[in-house]
file target-v2.cif (mmCIF, C-alpha atoms)
data_protein
#
loop_
_atom_site.label_atom_id
_atom_site.label_comp_id
_atom_site.auth_asym_id
_atom_site.auth_seq_id
_atom_site.Cartn_x
_atom_site.Cartn_y
_atom_site.Cartn_z
CA MET A 27 117.95 127.03 35.63
CA LYS A 28 117.42 129.51 38.43
CA LEU A 29 114.61 128.78 40.90
CA GLU A 30 111.87 131.26 41.60
CA ALA A 31 112.28 133.03 44.94
CA THR A 32 109.08 131.47 46.31
CA THR A 33 110.18 127.96 45.35
CA LEU A 34 113.60 128.46 46.87
CA ARG A 35 112.09 129.78 50.10
CA GLN A 36 109.76 126.76 50.32
CA LEU A 37 112.63 124.33 49.74
CA ARG A 38 114.74 126.03 52.40
CA ARG A 39 111.90 125.65 54.92
CA LEU A 40 111.55 122.00 53.99
CA ALA A 41 115.25 121.17 54.40
CA PRO A 42 115.36 120.94 58.23
CA VAL A 43 112.17 118.87 58.26
CA LEU A 44 113.60 116.39 55.78
CA ASP A 45 116.85 116.28 57.71
CA ASP A 46 114.96 115.35 60.91
CA VAL A 47 112.90 112.68 59.16
CA LEU A 48 115.91 111.17 57.41
CA SER A 49 118.03 111.19 60.55
CA ALA A 50 115.40 109.62 62.79
CA GLY A 51 113.69 107.42 60.22
CA GLU A 52 110.36 108.37 61.77
CA VAL A 53 108.12 111.29 62.66
CA GLU A 54 107.14 112.25 66.18
CA TYR A 55 103.45 112.93 65.53
CA PRO A 56 101.10 111.21 63.05
CA HIS A 57 100.06 114.48 61.37
CA GLN A 58 103.70 115.05 60.39
CA ALA A 59 103.54 112.02 58.09
CA VAL A 60 100.84 113.54 55.88
CA ASN A 61 101.95 113.44 52.25
CA LEU A 62 105.45 112.11 53.01
CA ALA A 63 104.94 109.30 50.48
CA ALA A 64 103.95 111.84 47.82
CA LEU A 65 106.96 113.97 48.73
CA ALA A 66 109.25 110.95 48.48
CA ALA A 67 107.86 110.14 45.02
CA LEU A 68 108.36 113.74 43.91
CA CYS A 69 111.93 113.74 45.21
CA SER A 70 112.59 110.51 43.33
CA GLN A 71 111.29 112.03 40.09
CA LEU A 72 113.41 115.13 40.65
CA PHE A 73 116.47 112.98 41.32
CA GLN A 74 115.94 111.00 38.12
CA ALA A 75 115.44 114.14 36.03
CA TYR A 76 118.50 115.83 37.52
CA ASN A 77 120.54 112.67 37.03
CA LEU A 78 119.77 112.80 33.29
CA LEU A 79 121.03 116.39 33.14
CA LYS A 80 124.03 116.10 35.49
CA PRO A 81 125.11 112.43 35.70
CA VAL A 82 128.68 113.27 36.78
CA GLY A 83 127.48 115.51 39.61
CA MET A 84 125.02 112.90 40.80
CA GLU A 85 127.70 110.20 40.77
CA GLN A 86 129.93 112.43 42.90
CA ALA A 87 127.04 112.98 45.31
CA ARG A 88 126.63 109.20 45.64
CA VAL A 89 130.34 108.82 46.38
CA ASP A 90 130.22 111.62 48.98
CA VAL A 91 127.30 109.95 50.80
CA LYS A 92 129.01 106.55 51.10
#
call {"tool": "encode", "arguments": {"input": "target-v2.cif", "output": "structure tokens"}}
result
Amino acid sequence: MKLEATTLRQLRRLAPVLDDVLSAGEVEYPHQAVNLAALAALCSQLFQAYNLLKPVGMEQARVDVK
């Protein structure tokens, strides 16, 4: 499934923000934490759905992270 250009652009903008949050384990300013819990829940749902479609790829991703 190919992503819409707008969706892909939004995800690309989000990537460095998520990288900073995941690396530091915190945000610098309180307003940066707005909706992070909702985003985490959405990412979890996306992970679960993708895992159903591509279990081998997800298993490899888990191995690569360890």
call {"tool": "closest_residue", "arguments": {"input": "target-v2.cif", "among": "A:Leu34, A:Gln71, A:Val43, A:Glu85", "to": "A:Ala59", "atoms": "only C-alpha atoms"}}
result
A:Val43
call {"tool": "atom_distance", "arguments": {"input": "target-v2.cif", "atom1": "atom CA of A:Lys80", "atom2": "atom CA of A:Ser49"}}
result
26.2 Å
call {"tool": "atom_distance", "arguments": {"input": "target-v2.cif", "atom1": "atom CA of A:Leu62", "atom2": "atom CA of A:Arg39"}}
result
15.1 Å
call {"tool": "atom_distance", "arguments": {"input": "target-v2.cif", "atom1": "atom CA of A:Ala66", "atom2": "atom CA of A:Leu44"}}
result
10.1 Å
call {"tool": "closest_residue", "arguments": {"input": "target-v2.cif", "among": "A:Phe73, A:His57, A:Leu78, A:Leu65", "to": "A:Leu40", "atoms": "only C-alpha atoms"}}
result
A:Leu65
call {"tool": "build_atoms", "arguments": {"input": "target-v2.cif", "residues": "stretch 74-85 of chain A", "atoms": "all heavy atoms", "output": "PDB file, keeping the file's coordinate frame"}}
result
ATOM      1  N   GLN A  74     115.763 111.642  39.423  1.00  0.00           N
ATOM      2  CA  GLN A  74     115.940 111.000  38.120  1.00  0.00           C
ATOM      3  C   GLN A  74     116.112 112.031  37.011  1.00  0.00           C
ATOM      4  O   GLN A  74     116.972 111.873  36.132  1.00  0.00           O
ATOM      5  CB  GLN A  74     114.752 110.090  37.820  1.00  0.00           C
ATOM      6  CG  GLN A  74     114.710 108.866  38.706  1.00  0.00           C
ATOM      7  CD  GLN A  74     113.419 108.084  38.566  1.00  0.00           C
ATOM      8  OE1 GLN A  74     112.558 108.423  37.762  1.00  0.00           O
ATOM      9  NE2 GLN A  74     113.266 107.040  39.372  1.00  0.00           N
ATOM     10  N   ALA A  75     115.325 113.098  37.048  1.00  0.00           N
ATOM     11  CA  ALA A  75     115.440 114.140  36.030  1.00  0.00           C
ATOM     12  C   ALA A  75     116.790 114.835  36.125  1.00  0.00           C
ATOM     13  O   ALA A  75     117.441 115.083  35.111  1.00  0.00           O
ATOM     14  CB  ALA A  75     114.306 115.147  36.189  1.00  0.00           C
ATOM     15  N   TYR A  76     117.216 115.148  37.343  1.00  0.00           N
ATOM     16  CA  TYR A  76     118.500 115.830  37.520  1.00  0.00           C
ATOM     17  C   TYR A  76     119.646 114.913  37.108  1.00  0.00           C
ATOM     18  O   TYR A  76     120.622 115.364  36.530  1.00  0.00           O
ATOM     19  CB  TYR A  76     118.656 116.271  38.971  1.00  0.00           C
ATOM     20  CG  TYR A  76     119.778 117.256  39.158  1.00  0.00           C
ATOM     21  CD1 TYR A  76     119.588 118.603  38.887  1.00  0.00           C
ATOM     22  CD2 TYR A  76     121.032 116.853  39.590  1.00  0.00           C
ATOM     23  CE1 TYR A  76     120.612 119.512  39.045  1.00  0.00           C
ATOM     24  CE2 TYR A  76     122.070 117.751  39.743  1.00  0.00           C
ATOM     25  CZ  TYR A  76     121.849 119.085  39.469  1.00  0.00           C
ATOM     26  OH  TYR A  76     122.879 119.977  39.615  1.00  0.00           O
ATOM     27  N   ASN A  77     119.513 113.629  37.390  1.00  0.00           N
ATOM     28  CA  ASN A  77     120.540 112.670  37.030  1.00  0.00           C
ATOM     29  C   ASN A  77     120.733 112.599  35.515  1.00  0.00           C
ATOM     30  O   ASN A  77     121.843 112.408  35.036  1.00  0.00           O
ATOM     31  CB  ASN A  77     120.196 111.288  37.587  1.00  0.00           C
ATOM     32  CG  ASN A  77     121.342 110.308  37.463  1.00  0.00           C
ATOM     33  OD1 ASN A  77     122.497 110.653  37.689  1.00  0.00           O
ATOM     34  ND2 ASN A  77     121.031 109.080  37.107  1.00  0.00           N
ATOM     35  N   LEU A  78     119.662 112.781  34.753  1.00  0.00           N
ATOM     36  CA  LEU A  78     119.770 112.800  33.290  1.00  0.00           C
ATOM     37  C   LEU A  78     120.547 114.036  32.819  1.00  0.00           C
ATOM     38  O   LEU A  78     121.285 113.978  31.839  1.00  0.00           O
ATOM     39  CB  LEU A  78     118.386 112.792  32.650  1.00  0.00           C
ATOM     40  CG  LEU A  78     117.615 111.481  32.774  1.00  0.00           C
ATOM     41  CD1 LEU A  78     116.199 111.655  32.232  1.00  0.00           C
ATOM     42  CD2 LEU A  78     118.326 110.356  32.051  1.00  0.00           C
ATOM     43  N   LEU A  79     120.369 115.146  33.534  1.00  0.00           N
ATOM     44  CA  LEU A  79     121.030 116.390  33.140  1.00  0.00           C
ATOM     45  C   LEU A  79     122.468 116.488  33.645  1.00  0.00           C
ATOM     46  O   LEU A  79     123.326 117.050  32.984  1.00  0.00           O
ATOM     47  CB  LEU A  79     120.244 117.593  33.677  1.00  0.00           C
ATOM     48  CG  LEU A  79     118.850 117.784  33.099  1.00  0.00           C
ATOM     49  CD1 LEU A  79     118.121 118.891  33.847  1.00  0.00           C
ATOM     50  CD2 LEU A  79     118.922 118.095  31.621  1.00  0.00           C
ATOM     51  N   LYS A  80     122.715 115.958  34.844  1.00  0.00           N
ATOM     52  CA  LYS A  80     124.030 116.100  35.490  1.00  0.00           C
ATOM     53  C   LYS A  80     124.513 114.760  36.046  1.00  0.00           C
ATOM     54  O   LYS A  80     124.697 114.603  37.247  1.00  0.00           O
ATOM     55  CB  LYS A  80     123.926 117.090  36.661  1.00  0.00           C
ATOM     56  CG  LYS A  80     123.414 118.438  36.315  1.00  0.00           C
ATOM     57  CD  LYS A  80     124.530 119.305  35.843  1.00  0.00           C
ATOM     58  CE  LYS A  80     124.021 120.726  35.663  1.00  0.00           C
ATOM     59  NZ  LYS A  80     125.050 121.648  35.382  1.00  0.00           N
ATOM     60  N   PRO A  81     124.737 113.758  35.193  1.00  0.00           N
ATOM     61  CA  PRO A  81     125.110 112.430  35.700  1.00  0.00           C
ATOM     62  C   PRO A  81     126.427 112.425  36.483  1.00  0.00           C
ATOM     63  O   PRO A  81     126.564 111.703  37.460  1.00  0.00           O
ATOM     64  CB  PRO A  81     125.194 111.560  34.450  1.00  0.00           C
ATOM     65  CG  PRO A  81     125.323 112.506  33.318  1.00  0.00           C
ATOM     66  CD  PRO A  81     124.669 113.795  33.740  1.00  0.00           C
ATOM     67  N   VAL A  82     127.390 113.246  36.079  1.00  0.00           N
ATOM     68  CA  VAL A  82     128.680 113.270  36.780  1.00  0.00           C
ATOM     69  C   VAL A  82     128.505 113.836  38.180  1.00  0.00           C
ATOM     70  O   VAL A  82     129.024 113.301  39.156  1.00  0.00           O
ATOM     71  CB  VAL A  82     129.720 114.082  35.978  1.00  0.00           C
ATOM     72  CG1 VAL A  82     131.000 114.235  36.771  1.00  0.00           C
ATOM     73  CG2 VAL A  82     129.987 113.413  34.644  1.00  0.00           C
ATOM     74  N   GLY A  83     127.736 114.916  38.300  1.00  0.00           N
ATOM     75  CA  GLY A  83     127.480 115.510  39.610  1.00  0.00           C
ATOM     76  C   GLY A  83     126.737 114.568  40.530  1.00  0.00           C
ATOM     77  O   GLY A  83     127.012 114.500  41.732  1.00  0.00           O
ATOM     78  N   MET A  84     125.792 113.836  39.985  1.00  0.00           N
ATOM     79  CA  MET A  84     125.020 112.900  40.800  1.00  0.00           C
ATOM     80  C   MET A  84     125.902 111.735  41.245  1.00  0.00           C
ATOM     81  O   MET A  84     125.786 111.251  42.358  1.00  0.00           O
ATOM     82  CB  MET A  84     123.797 112.392  40.039  1.00  0.00           C
ATOM     83  CG  MET A  84     122.801 113.495  39.728  1.00  0.00           C
ATOM     84  SD  MET A  84     122.282 114.443  41.188  1.00  0.00           S
ATOM     85  CE  MET A  84     121.324 113.228  42.034  1.00  0.00           C
ATOM     86  N   GLU A  85     126.788 111.288  40.390  1.00  0.00           N
ATOM     87  CA  GLU A  85     127.700 110.200  40.770  1.00  0.00           C
ATOM     88  C   GLU A  85     128.612 110.658  41.897  1.00  0.00           C
ATOM     89  O   GLU A  85     128.868 109.922  42.833  1.00  0.00           O
ATOM     90  CB  GLU A  85     128.514 109.731  39.559  1.00  0.00           C
ATOM     91  CG  GLU A  85     129.345 108.516  39.850  1.00  0.00           C
ATOM     92  CD  GLU A  85     128.549 107.312  40.336  1.00  0.00           C
ATOM     93  OE1 GLU A  85     127.429 107.088  39.844  1.00  0.00           O
ATOM     94  OE2 GLU A  85     129.042 106.590  41.216  1.00  0.00           O
TER      95      GLU A  85
END
